[in-house]
$ cat query_26.txt   # compact mmCIF, C-alpha atoms
# COMPACT_ATOMS: atom_id res chain seq x y z
CA MET A 193 25.57 -0.69 6.49
CA LEU A 194 21.94 0.45 6.47
CA THR A 195 20.79 4.04 7.00
CA LEU A 196 17.18 4.85 7.80
CA TYR A 197 15.90 8.27 6.78
CA TYR A 198 13.06 9.09 9.15
CA ALA A 199 11.18 11.78 11.02
CA PRO A 200 10.31 11.26 14.69
CA GLY A 201 6.79 9.93 15.15
CA SER A 202 6.23 9.43 11.42
CA CYS A 203 5.34 6.12 9.79
CA ALA A 204 9.11 5.52 9.50
CA ARG A 205 8.91 4.44 13.14
CA ALA A 206 7.63 1.04 11.97
CA SER A 207 10.83 0.42 9.98
CA HIS A 208 12.90 1.80 12.86
CA ILE A 209 11.34 -0.68 15.33
CA ALA A 210 11.72 -3.54 12.84
CA LEU A 211 15.45 -2.81 12.37
CA ARG A 212 15.95 -3.00 16.12
CA GLU A 213 13.85 -6.18 16.45
CA ALA A 214 15.99 -7.68 13.67
CA GLY A 215 19.20 -6.86 15.49
CA ALA A 216 20.38 -4.93 12.41
CA GLU A 217 23.26 -2.51 12.49
CA PHE A 218 22.03 0.80 11.10
CA ASP A 219 22.43 4.55 11.19
CA LEU A 220 19.59 6.99 11.67
CA HIS A 221 19.31 10.06 9.46
CA PRO A 222 16.65 12.50 10.68
CA VAL A 223 14.73 14.47 8.06
CA ASP A 224 13.42 17.78 9.40
CA PHE A 225 9.73 18.05 8.56
CA ALA A 226 9.49 21.45 10.32
CA SER A 227 11.66 22.99 7.59
CA ALA A 228 10.12 20.73 4.88
CA GLU A 229 13.51 19.10 4.34
CA GLN A 230 11.70 16.11 2.83
CA ARG A 231 10.87 18.28 -0.17
CA SER A 232 14.39 19.71 -0.57
CA ALA A 233 16.44 19.01 -3.69
CA ALA A 234 19.03 17.20 -1.58
CA TYR A 235 16.49 14.83 -0.05
CA ARG A 236 14.75 14.24 -3.35
CA LYS A 237 18.02 12.68 -4.53
CA VAL A 238 17.50 10.12 -1.76
CA ASN A 239 13.75 9.73 -2.35
CA PRO A 240 12.19 11.55 -5.30
CA LYS A 241 8.78 11.12 -3.66
CA GLY A 242 9.82 13.53 -0.90
CA ARG A 243 8.66 11.20 1.85
CA VAL A 244 10.00 9.03 4.64
CA PRO A 245 10.93 6.30 5.27
CA ALA A 246 13.82 5.65 2.91
CA LEU A 247 16.29 2.89 3.66
CA GLN A 248 19.76 3.24 2.20
CA THR A 249 21.30 -0.18 1.57
CA GLU A 250 24.56 -1.21 -0.02
CA ARG A 251 22.65 -1.87 -3.26
CA GLY A 252 20.51 1.26 -3.33
CA ILE A 253 17.58 2.97 -1.67
CA LEU A 254 14.29 1.35 -0.74
CA THR A 255 11.07 3.22 -0.01
CA GLU A 256 7.49 2.43 1.10
CA THR A 257 6.91 0.96 4.55
CA PRO A 258 5.37 -2.38 3.48
CA ALA A 259 8.31 -3.04 1.14
CA ILE A 260 10.91 -2.06 3.74
CA LEU A 261 9.27 -4.18 6.44
CA ALA A 262 9.26 -7.28 4.22
CA TYR A 263 12.87 -6.53 3.25
CA ILE A 264 13.96 -6.38 6.89
CA ALA A 265 12.11 -9.62 7.68
CA GLN A 266 13.67 -11.40 4.69
CA SER A 267 17.16 -9.99 5.28
CA PHE A 268 17.25 -11.07 8.94
CA PRO A 269 15.40 -14.40 8.88
CA ALA A 270 16.76 -15.48 12.27
CA ALA A 271 14.67 -12.72 13.89
CA ASN A 272 11.50 -14.48 12.68
CA LEU A 273 9.67 -11.23 11.89
CA ALA A 274 7.44 -12.68 9.14
CA PRO A 275 6.17 -16.12 8.01
CA LEU A 276 8.75 -16.28 5.23
CA ASP A 277 8.16 -19.90 4.21
CA ASP A 278 4.37 -19.75 3.94
CA PRO A 279 3.06 -17.67 1.01
CA PHE A 280 -0.49 -17.60 2.41
CA GLU A 281 0.53 -16.38 5.87
CA PHE A 282 3.03 -13.96 4.33
CA ALA A 283 0.19 -12.57 2.19
CA ARG A 284 -2.02 -12.20 5.26
CA LEU A 285 0.75 -10.14 6.85
CA GLN A 286 1.23 -8.10 3.71
CA ALA A 287 -2.52 -7.48 3.37
CA PHE A 288 -2.55 -6.06 6.89
CA ASN A 289 0.42 -3.82 6.14
CA SER A 290 -1.12 -2.72 2.84
CA TYR A 291 -4.35 -1.76 4.61
CA LEU A 292 -2.37 0.34 7.11
CA CYS A 293 -0.43 1.99 4.27
CA ALA A 294 -3.11 2.61 1.65
CA THR A 295 -6.21 3.14 3.82
CA VAL A 296 -5.35 4.01 7.44
CA HIS A 297 -2.27 6.16 6.84
CA VAL A 298 -4.03 7.77 3.88
CA ALA A 299 -7.03 8.58 6.12
CA HIS A 300 -4.68 10.18 8.65
CA ALA A 301 -2.94 12.20 5.94
CA HIS A 302 -6.21 13.95 5.10
CA SER A 303 -5.94 15.82 8.41
CA ARG A 304 -2.53 17.34 7.73
CA ARG A 305 -1.66 16.90 4.05
CA GLY A 306 -5.01 17.72 2.43
CA GLU A 307 -3.20 19.87 -0.15
CA ARG A 308 -2.21 16.63 -1.86
CA TRP A 309 -5.80 16.21 -3.05
CA ALA A 310 -7.36 19.70 -3.05
CA ASP A 311 -6.36 23.36 -3.42
CA ASP A 312 -9.47 25.01 -1.98
CA PRO A 313 -8.91 25.72 1.74
CA ALA A 314 -12.56 24.92 2.49
CA ALA A 315 -12.17 21.44 0.98
CA ILE A 316 -8.95 20.90 2.92
CA ALA A 317 -10.74 21.93 6.13
CA GLU A 318 -13.62 19.57 5.34
CA MET A 319 -11.22 16.62 4.93
CA LYS A 320 -9.57 17.51 8.23
CA ARG A 321 -12.98 17.66 9.94
CA LYS A 322 -13.94 14.18 8.72
CA THR A 323 -10.60 12.49 9.47
CA PRO A 324 -11.40 11.33 13.04
CA GLU A 325 -14.56 9.59 11.78
CA VAL A 326 -12.63 7.80 9.01
CA MET A 327 -9.79 6.80 11.34
CA ALA A 328 -12.28 5.49 13.92
CA ASP A 329 -13.93 3.31 11.25
CA CYS A 330 -10.53 1.96 10.18
CA PHE A 331 -9.66 0.96 13.73
CA LEU A 332 -13.05 -0.69 14.25
CA LEU A 333 -12.31 -2.86 11.20
CA ILE A 334 -8.87 -3.69 12.61
CA GLU A 335 -10.32 -4.46 16.05
CA ASP A 336 -13.22 -6.58 14.81
CA ASN A 337 -11.92 -8.19 11.62
CA LEU A 338 -8.20 -7.93 10.99
CA PHE A 339 -6.51 -8.45 14.34
CA THR A 340 -5.86 -12.13 15.19
CA GLY A 341 -4.31 -11.65 18.64
CA PRO A 342 -2.41 -11.57 20.82
CA TRP A 343 -0.20 -10.23 18.02
CA VAL A 344 -1.49 -9.03 14.66
CA MET A 345 -0.81 -12.37 12.98
CA GLY A 346 -1.65 -14.56 15.99
CA GLY A 347 0.81 -16.09 18.42
CA THR A 348 3.96 -14.80 16.73
CA TYR A 349 5.23 -11.22 16.75
CA SER A 350 5.94 -9.79 13.29
CA VAL A 351 6.77 -6.55 11.47
CA ALA A 352 3.01 -5.92 11.22
CA ASP A 353 2.99 -5.31 14.97
CA ALA A 354 5.56 -2.55 14.60
CA TYR A 355 3.42 -0.95 11.90
CA LEU A 356 0.13 -1.18 13.82
CA PHE A 357 1.78 0.28 16.92
CA THR A 358 3.18 3.17 14.89
CA ILE A 359 -0.17 4.14 13.40
CA ALA A 360 -2.20 3.47 16.56
CA GLN A 361 -0.03 6.07 18.28
CA TRP A 362 -1.72 8.66 16.04
CA LEU A 363 -5.18 8.03 17.56
CA PRO A 364 -4.77 10.77 20.22
CA VAL A 365 -3.97 13.28 17.46
CA HIS A 366 -7.55 12.75 16.30
CA ARG A 367 -8.90 12.70 19.88
CA ILE A 368 -9.97 9.09 19.43
CA ASN A 369 -10.13 7.17 22.68
CA SER A 370 -8.38 3.84 22.25
CA ALA A 371 -10.75 2.37 24.88
CA ARG A 372 -13.07 1.72 21.92
CA TYR A 373 -10.50 -0.79 20.68
CA PRO A 374 -9.53 -3.04 23.62
CA LYS A 375 -7.41 -5.42 21.53
CA VAL A 376 -5.50 -2.55 19.93
CA ARG A 377 -5.06 -0.84 23.30
CA ASP A 378 -3.76 -4.03 24.90
CA HIS A 379 -1.43 -4.43 21.91
CA MET A 380 -0.06 -0.91 22.41
CA SER A 381 0.77 -1.57 26.04
CA ARG A 382 2.53 -4.86 25.22
CA MET A 383 4.48 -3.11 22.47
CA LEU A 384 5.64 -0.46 24.94
CA ALA A 385 7.12 -3.24 27.09
CA ARG A 386 9.42 -4.44 24.29
CA SER A 387 13.02 -3.29 24.52
CA ALA A 388 13.21 -2.60 20.76
CA VAL A 389 10.23 -0.27 21.02
CA GLN A 390 11.64 1.50 24.07
CA ALA A 391 15.00 1.97 22.30
CA THR A 392 13.20 3.33 19.23
CA LEU A 393 11.20 5.89 21.19
CA GLU A 394 14.32 6.92 23.10
CA ALA A 395 16.34 7.39 19.91
CA GLU A 396 13.56 9.38 18.23
CA SER A 397 13.05 11.66 21.23
CA ALA A 398 16.80 12.31 21.46
CA ASP A 399 16.81 13.62 17.90
CA MET B 282 -9.07 -23.94 -6.41
CA LEU B 283 -8.72 -20.15 -6.40
CA THR B 284 -11.61 -17.72 -6.94
CA LEU B 285 -10.99 -14.09 -7.77
CA TYR B 286 -13.68 -11.59 -6.77
CA TYR B 287 -13.34 -8.69 -9.16
CA ALA B 288 -15.12 -5.93 -11.04
CA PRO B 289 -14.28 -5.34 -14.71
CA GLY B 290 -11.73 -2.58 -15.19
CA SER B 291 -11.06 -2.24 -11.45
CA CYS B 292 -7.67 -2.66 -9.80
CA ALA B 293 -8.54 -6.38 -9.50
CA ARG B 294 -7.45 -6.62 -13.12
CA ALA B 295 -3.82 -6.73 -11.94
CA SER B 296 -4.47 -9.91 -9.94
CA HIS B 297 -6.51 -11.31 -12.83
CA ILE B 298 -3.64 -10.84 -15.27
CA ALA B 299 -1.14 -12.27 -12.77
CA LEU B 300 -3.23 -15.42 -12.29
CA ARG B 301 -3.22 -15.98 -16.06
CA GLU B 302 0.50 -15.25 -16.36
CA ALA B 303 1.09 -17.77 -13.56
CA GLY B 304 -0.88 -20.45 -15.38
CA ALA B 305 -3.14 -20.79 -12.32
CA GLU B 306 -6.49 -22.53 -12.38
CA PHE B 307 -9.08 -20.14 -11.03
CA ASP B 308 -12.70 -19.09 -11.14
CA LEU B 309 -13.87 -15.53 -11.63
CA HIS B 310 -16.62 -14.11 -9.45
CA PRO B 311 -17.84 -10.72 -10.70
CA VAL B 312 -18.95 -8.17 -8.10
CA ASP B 313 -21.51 -5.70 -9.46
CA PHE B 314 -20.35 -2.19 -8.62
CA ALA B 315 -23.40 -0.69 -10.40
CA SER B 316 -25.66 -2.09 -7.68
CA ALA B 317 -23.01 -1.52 -4.96
CA GLU B 318 -22.77 -5.27 -4.40
CA GLN B 319 -19.33 -4.72 -2.87
CA ARG B 320 -21.03 -3.10 0.11
CA SER B 321 -23.70 -5.81 0.50
CA ALA B 322 -23.84 -7.94 3.65
CA ALA B 323 -23.15 -11.04 1.57
CA TYR B 324 -19.98 -9.61 0.02
CA ARG B 325 -18.78 -8.20 3.34
CA LYS B 326 -18.59 -11.80 4.53
CA VAL B 327 -16.01 -12.32 1.76
CA ASN B 328 -14.23 -9.01 2.35
CA PRO B 329 -15.34 -6.85 5.29
CA LYS B 330 -13.63 -3.88 3.63
CA GLY B 331 -16.25 -3.94 0.85
CA ARG B 332 -13.62 -3.76 -1.88
CA VAL B 333 -12.13 -5.83 -4.66
CA PRO B 334 -9.97 -7.75 -5.28
CA ALA B 335 -10.48 -10.65 -2.90
CA LEU B 336 -8.86 -13.99 -3.61
CA GLN B 337 -10.50 -17.06 -2.13
CA THR B 338 -7.92 -19.76 -1.49
CA GLU B 339 -8.22 -23.17 0.14
CA ARG B 340 -6.88 -21.64 3.35
CA GLY B 341 -8.95 -18.46 3.40
CA ILE B 342 -9.44 -15.13 1.72
CA LEU B 343 -6.70 -12.70 0.80
CA THR B 344 -7.17 -9.01 0.04
CA GLU B 345 -5.08 -6.01 -1.09
CA THR B 346 -3.50 -6.04 -4.52
CA PRO B 347 0.18 -5.88 -3.44
CA ALA B 348 -0.34 -8.85 -1.08
CA ILE B 349 -2.24 -10.90 -3.68
CA LEU B 350 0.37 -10.19 -6.37
CA ALA B 351 3.22 -11.35 -4.15
CA TYR B 352 1.16 -14.40 -3.16
CA ILE B 353 0.61 -15.38 -6.79
CA ALA B 354 4.31 -14.90 -7.58
CA GLN B 355 5.35 -17.00 -4.57
CA SER B 356 2.73 -19.70 -5.17
CA PHE B 357 3.71 -20.21 -8.81
CA PRO B 358 7.49 -19.75 -8.74
CA ALA B 359 7.98 -21.44 -12.11
CA ALA B 360 6.24 -18.48 -13.77
CA ASN B 361 9.06 -16.20 -12.54
CA LEU B 362 6.76 -13.28 -11.79
CA ALA B 363 8.94 -11.75 -9.05
CA PRO B 364 12.60 -11.88 -7.91
CA LEU B 365 11.75 -14.30 -5.11
CA ASP B 366 15.32 -15.14 -4.09
CA ASP B 367 16.61 -11.58 -3.83
CA PRO B 368 15.19 -9.56 -0.91
CA PHE B 369 16.48 -6.26 -2.32
CA GLU B 370 14.97 -6.75 -5.78
CA PHE B 371 11.78 -8.13 -4.25
CA ALA B 372 11.56 -4.97 -2.11
CA ARG B 373 12.06 -2.80 -5.20
CA LEU B 374 9.11 -4.58 -6.82
CA GLN B 375 7.03 -4.23 -3.66
CA ALA B 376 7.89 -0.54 -3.34
CA PHE B 377 6.60 0.02 -6.87
CA ASN B 378 3.39 -1.87 -6.11
CA SER B 379 2.95 -0.01 -2.84
CA TYR B 380 3.29 3.33 -4.63
CA LEU B 381 0.61 2.28 -7.12
CA CYS B 382 -1.66 1.13 -4.29
CA ALA B 383 -1.23 3.85 -1.68
CA THR B 384 -0.52 6.90 -3.87
CA VAL B 385 -1.65 6.43 -7.48
CA HIS B 386 -4.82 4.39 -6.89
CA VAL B 387 -5.65 6.67 -3.95
CA ALA B 388 -5.25 9.72 -6.21
CA HIS B 389 -7.61 8.14 -8.74
CA ALA B 390 -10.16 7.32 -6.03
CA HIS B 391 -10.54 11.02 -5.22
CA SER B 392 -12.36 11.46 -8.52
CA ARG B 393 -15.05 8.87 -7.82
CA ARG B 394 -14.98 7.94 -4.14
CA GLY B 395 -14.50 11.35 -2.56
CA GLU B 396 -17.17 10.52 0.04
CA ARG B 397 -14.55 8.40 1.75
CA TRP B 398 -12.81 11.55 2.94
CA ALA B 399 -15.44 14.34 2.91
CA ASP B 400 -19.21 14.79 3.26
CA ASP B 401 -19.55 18.29 1.80
CA PRO B 402 -20.41 18.03 -1.93
CA ALA B 403 -18.27 21.09 -2.69
CA ALA B 404 -15.21 19.40 -1.16
CA ILE B 405 -15.93 16.20 -3.07
CA ALA B 406 -16.18 18.23 -6.29
CA GLU B 407 -12.90 20.00 -5.51
CA MET B 408 -11.10 16.66 -5.07
CA LYS B 409 -12.53 15.47 -8.36
CA ARG B 410 -11.36 18.66 -10.09
CA LYS B 411 -7.79 18.23 -8.86
CA THR B 412 -7.49 14.50 -9.58
CA PRO B 413 -6.10 14.77 -13.15
CA GLU B 414 -3.29 17.03 -11.89
CA VAL B 415 -2.39 14.59 -9.10
CA MET B 416 -2.54 11.57 -11.42
CA ALA B 417 -0.37 13.36 -13.99
CA ASP B 418 2.26 14.08 -11.33
CA CYS B 419 2.23 10.43 -10.24
CA PHE B 420 2.83 9.22 -13.78
CA LEU B 421 5.65 11.73 -14.28
CA LEU B 422 7.36 10.24 -11.23
CA ILE B 423 6.82 6.74 -12.61
CA GLU B 424 8.11 7.75 -16.06
CA ASP B 425 11.16 9.64 -14.82
CA ASN B 426 12.15 7.86 -11.62
CA LEU B 427 10.50 4.51 -10.97
CA PHE B 428 10.34 2.73 -14.33
CA THR B 429 13.49 0.75 -15.12
CA GLY B 430 12.51 -0.53 -18.59
CA PRO B 431 11.69 -2.28 -20.77
CA TRP B 432 9.60 -3.80 -17.95
CA VAL B 433 8.97 -2.12 -14.62
CA MET B 434 11.80 -4.02 -12.91
CA GLY B 435 14.15 -4.09 -15.91
CA GLY B 436 14.64 -6.96 -18.31
CA THR B 437 12.25 -9.37 -16.62
CA TYR B 438 8.47 -9.20 -16.68
CA SER B 439 6.84 -9.27 -13.21
CA VAL B 440 3.53 -8.81 -11.42
CA ALA B 441 4.37 -5.09 -11.17
CA ASP B 442 3.83 -4.87 -14.93
CA ALA B 443 0.30 -6.19 -14.58
CA TYR B 444 -0.39 -3.59 -11.88
CA LEU B 445 1.09 -0.65 -13.82
CA PHE B 446 -0.87 -1.63 -16.92
CA THR B 447 -4.10 -1.82 -14.90
CA ILE B 448 -3.72 1.65 -13.43
CA ALA B 449 -2.32 3.25 -16.59
CA GLN B 450 -5.54 2.24 -18.31
CA TRP B 451 -7.31 4.79 -16.10
CA LEU B 452 -5.40 7.74 -17.63
CA PRO B 453 -8.07 8.40 -20.31
CA VAL B 454 -10.72 8.63 -17.55
CA HIS B 455 -8.87 11.74 -16.41
CA ARG B 456 -8.28 12.96 -19.99
CA ILE B 457 -4.55 12.57 -19.51
CA ASN B 458 -2.69 11.98 -22.75
CA SER B 459 -0.27 9.10 -22.30
CA ALA B 460 2.01 10.72 -24.92
CA ARG B 461 3.48 12.64 -21.98
CA TYR B 462 4.80 9.29 -20.72
CA PRO B 463 6.52 7.54 -23.62
CA LYS B 464 7.91 4.68 -21.52
CA VAL B 465 4.53 4.02 -19.92
CA ARG B 466 2.80 4.23 -23.31
CA ASP B 467 5.25 1.80 -24.89
CA HIS B 468 4.73 -0.48 -21.90
CA MET B 469 0.96 -0.42 -22.40
CA SER B 470 1.28 -1.45 -26.02
CA ARG B 471 3.63 -4.33 -25.19
CA MET B 472 1.27 -5.45 -22.44
CA LEU B 473 -1.62 -5.53 -24.92
CA ALA B 474 0.40 -7.96 -27.06
CA ARG B 475 0.62 -10.53 -24.24
CA SER B 476 -1.81 -13.42 -24.45
CA ALA B 477 -2.53 -13.33 -20.71
CA VAL B 478 -3.55 -9.69 -20.99
CA GLN B 479 -5.72 -10.33 -24.02
CA ALA B 480 -7.43 -13.24 -22.26
CA THR B 481 -8.02 -11.05 -19.20
CA LEU B 482 -9.62 -8.24 -21.19
CA GLU B 483 -11.76 -10.72 -23.10
CA ALA B 484 -12.96 -12.40 -19.90
CA GLU B 485 -13.75 -9.08 -18.26
CA SER B 486 -15.66 -7.75 -21.26
CA ALA B 487 -17.68 -10.99 -21.47
CA ASP B 488 -18.89 -10.46 -17.92

$ encode --input "query_26.txt" --output "structure tokens"
Amino acid sequence: MLTLYYAPGSCARASHIALREAGAEFDLHPVDFASAEQRSAAYRKVNPKGRVPALQTERGILTETPAILAYIAQSFPAANLAPLDDPFEFARLQAFNSYLCATVHVAHAHSRRGERWADDPAAIAEMKRKTPEVMADCFLLIEDNLFTGPWVMGGTYSVADAYLFTIAQWLPVHRINSARYPKVRDHMSRMLARSAVQATLEAESAD
Amino acid sequence: MLTLYYAPGSCARASHIALREAGAEFDLHPVDFASAEQRSAAYRKVNPKGRVPALQTERGILTETPAILAYIAQSFPAANLAPLDDPFEFARLQAFNSYLCATVHVAHAHSRRGERWADDPAAIAEMKRKTPEVMADCFLLIEDNLFTGPWVMGGTYSVADAYLFTIAQWLPVHRINSARYPKVRDHMSRMLARSAVQATLEAESAD
């Protein structure tokens, strides 16, 4: 049995959606960010990085969204959530996920976790001020260069769609109007029509 | 034929080493960071992100180190550079690579690319000041929690070793003494004994 450690609305939502798209049986274990549970000694035994997501499997714990998404796709091949038999296409998918993880999510984190990279409150405030500009640039690159359409990889839905949807939902936090990104906006509305996405949002709001 | 766009000493070194370990035929295309060639219009046609590495393949260009490393491992399975038939072990490898990409490399970038996240010179200086502390914490986590040994994944060498070696070589930039990380230091010395690593360093210094 799989258990997903997550916080509602966090990047763990991508793994949550992917588990549902895969038809996996899993438990959800909420981690309370409001009380900083992710940095507690108990949670650090699950994930010493003090972050979500973490996926408990029968063989041990996995972390990092791109790794978990590929794991779900490979573990449930019948769900066809990644081009598993084509190293080039699989790498295209992984490059997209890596960009979301290492550039877009990192840009977002500068608005709320600036203490990771600076102690001076003025520097932390300056990072927060610039975040909307950096996020907007990231989404322009996605819109103009990275998005194949109608899904991220082209005609076939994949775990990358779950990840893009998860991070695109943070645009309003930065007061960025998604109208600047018509392909991404259309993608968000099609994602919201999927039953796995609806079930994910329902489960996370019930927490 | 493959062509690797790289800059000497950059994170592209991981892909460079992996190509040699795989026994791949490839060309090297240096990108001159000193003249900011990576941000030129010509290079942005190769990689609109304006970064290295980029791997030109017969089917198109791939970016992002974790994606390229998995691609090399999958394209040259005889080299046994990743646990390709075990989704859990493959995810462990990918989680390690993702941590290097999205946390450790990002920490390093705050010392030299602070303008990505702030405009104010004082904020950029503050990020640079804190970088050695953040990098040191990352390597403690690697040493104590993520490194299986004797190689990253255990008994078998993988593309994750090429990536760890590449980023560990940046420790002296931050005046961090690798003696604090005996497993990482031992790993670096064993990496330097590999012919693929020696050939990589020679090729990059000849550039």

$ interface_residues --input "query_26.txt" --of "chain B" --to "chain A" --cutoff "7 Å" --atoms "only C-alpha atoms" --output "PyMOL selection string"
chain B and resi 343-345+348-349+352+355-356+368-369+372-373+375-376+379+382-383+398-399+404+407-408+411-412

$ closest_residue --input "query_26.txt" --among "A:Thr348, A:Thr195, A:Asn369, A:Ser202" --to "Pro275 in chain A" --atoms "all atoms listed in the file"
A:Thr348

$ atom_distance --input "query_26.txt" --atom1 "CA of Ser387 in chain A" --atom2 "CA of Phe218 in chain A"
16.7 Å

$ residues_around --input "query_26.txt" --residues "range 352-366 of chain A" --least-positions-apart "5" --cutoff "6 Å" --atoms "all atoms listed in the file" --output "short mmCIF file (atom, residue, chain, number, x, y, z; two decimals) with C-alpha atoms, in the coordinates of the input"
data_model
loop_
_atom_site.label_atom_id
_atom_site.label_comp_id
_atom_site.auth_asym_id
_atom_site.auth_seq_id
_atom_site.Cartn_x
_atom_site.Cartn_y
_atom_site.Cartn_z
CA ALA A 206 7.63 1.04 11.97
CA PRO A 324 -11.40 11.33 13.04
CA VAL A 344 -1.49 -9.03 14.66
CA MET A 380 -0.06 -0.91 22.41
#

$ residues_around --input "query_26.txt" --residues "range 391-395 of chain A" --least-positions-apart "3" --cutoff "6 Å" --atoms "all atoms listed in the file" --output "list in words"
Ile209, Ala388 and Ala398 of chain A

$ atom_distance --input "query_26.txt" --atom1 "CA of Tyr198 in chain A" --atom2 "CA of Arg231 in chain A"
13.3 Å

$ atom_distance --input "query_26.txt" --atom1 "CA of Ile334 in chain A" --atom2 "CA of Val296 in chain A"
9.9 Å

$ residues_near_point --input "query_26.txt" --point "(-18.4, -6.4, -9.3)" --cutoff "12 Å" --atoms "all atoms listed in the file" --output "PDB file with C-alpha atoms, in the coordinates of the input"
ATOM      1  CA  LEU B 285     -10.990 -14.090  -7.770  1.00  0.00           C
ATOM      2  CA  TYR B 286     -13.680 -11.590  -6.770  1.00  0.00           C
ATOM      3  CA  TYR B 287     -13.340  -8.690  -9.160  1.00  0.00           C
ATOM      4  CA  ALA B 288     -15.120  -5.930 -11.040  1.00  0.00           C
ATOM      5  CA  PRO B 289     -14.280  -5.340 -14.710  1.00  0.00           C
ATOM      6  CA  GLY B 290     -11.730  -2.580 -15.190  1.00  0.00           C
ATOM      7  CA  SER B 291     -11.060  -2.240 -11.450  1.00  0.00           C
ATOM      8  CA  CYS B 292      -7.670  -2.660  -9.800  1.00  0.00           C
ATOM      9  CA  ALA B 293      -8.540  -6.380  -9.500  1.00  0.00           C
ATOM     10  CA  ARG B 294      -7.450  -6.620 -13.120  1.00  0.00           C
ATOM     11  CA  LEU B 309     -13.870 -15.530 -11.630  1.00  0.00           C
ATOM     12  CA  HIS B 310     -16.620 -14.110  -9.450  1.00  0.00           C
ATOM     13  CA  PRO B 311     -17.840 -10.720 -10.700  1.00  0.00           C
ATOM     14  CA  VAL B 312     -18.950  -8.170  -8.100  1.00  0.00           C
ATOM     15  CA  ASP B 313     -21.510  -5.700  -9.460  1.00  0.00           C
ATOM     16  CA  PHE B 314     -20.350  -2.190  -8.620  1.00  0.00           C
ATOM     17  CA  ALA B 315     -23.400  -0.690 -10.400  1.00  0.00           C
ATOM     18  CA  SER B 316     -25.660  -2.090  -7.680  1.00  0.00           C
ATOM     19  CA  ALA B 317     -23.010  -1.520  -4.960  1.00  0.00           C
ATOM     20  CA  GLU B 318     -22.770  -5.270  -4.400  1.00  0.00           C
ATOM     21  CA  GLN B 319     -19.330  -4.720  -2.870  1.00  0.00           C
ATOM     22  CA  ARG B 320     -21.030  -3.100   0.110  1.00  0.00           C
ATOM     23  CA  SER B 321     -23.700  -5.810   0.500  1.00  0.00           C
ATOM     24  CA  TYR B 324     -19.980  -9.610   0.020  1.00  0.00           C
ATOM     25  CA  GLY B 331     -16.250  -3.940   0.850  1.00  0.00           C
ATOM     26  CA  ARG B 332     -13.620  -3.760  -1.880  1.00  0.00           C
ATOM     27  CA  VAL B 333     -12.130  -5.830  -4.660  1.00  0.00           C
ATOM     28  CA  PRO B 334      -9.970  -7.750  -5.280  1.00  0.00           C
ATOM     29  CA  ALA B 335     -10.480 -10.650  -2.900  1.00  0.00           C
ATOM     30  CA  GLU B 485     -13.750  -9.080 -18.260  1.00  0.00           C
ATOM     31  CA  ASP B 488     -18.890 -10.460 -17.920  1.00  0.00           C
TER      32      ASP B 488
END

$ axis_aligned_box --input "query_26.txt" --around "range 341-346 of chain A" --padding-each-side "4 Å" --output "JSON"
{"center_x": -2.3, "center_y": -11.8, "center_z": 16.9, "size_x": 12.1, "size_y": 13.5, "size_z": 15.8}
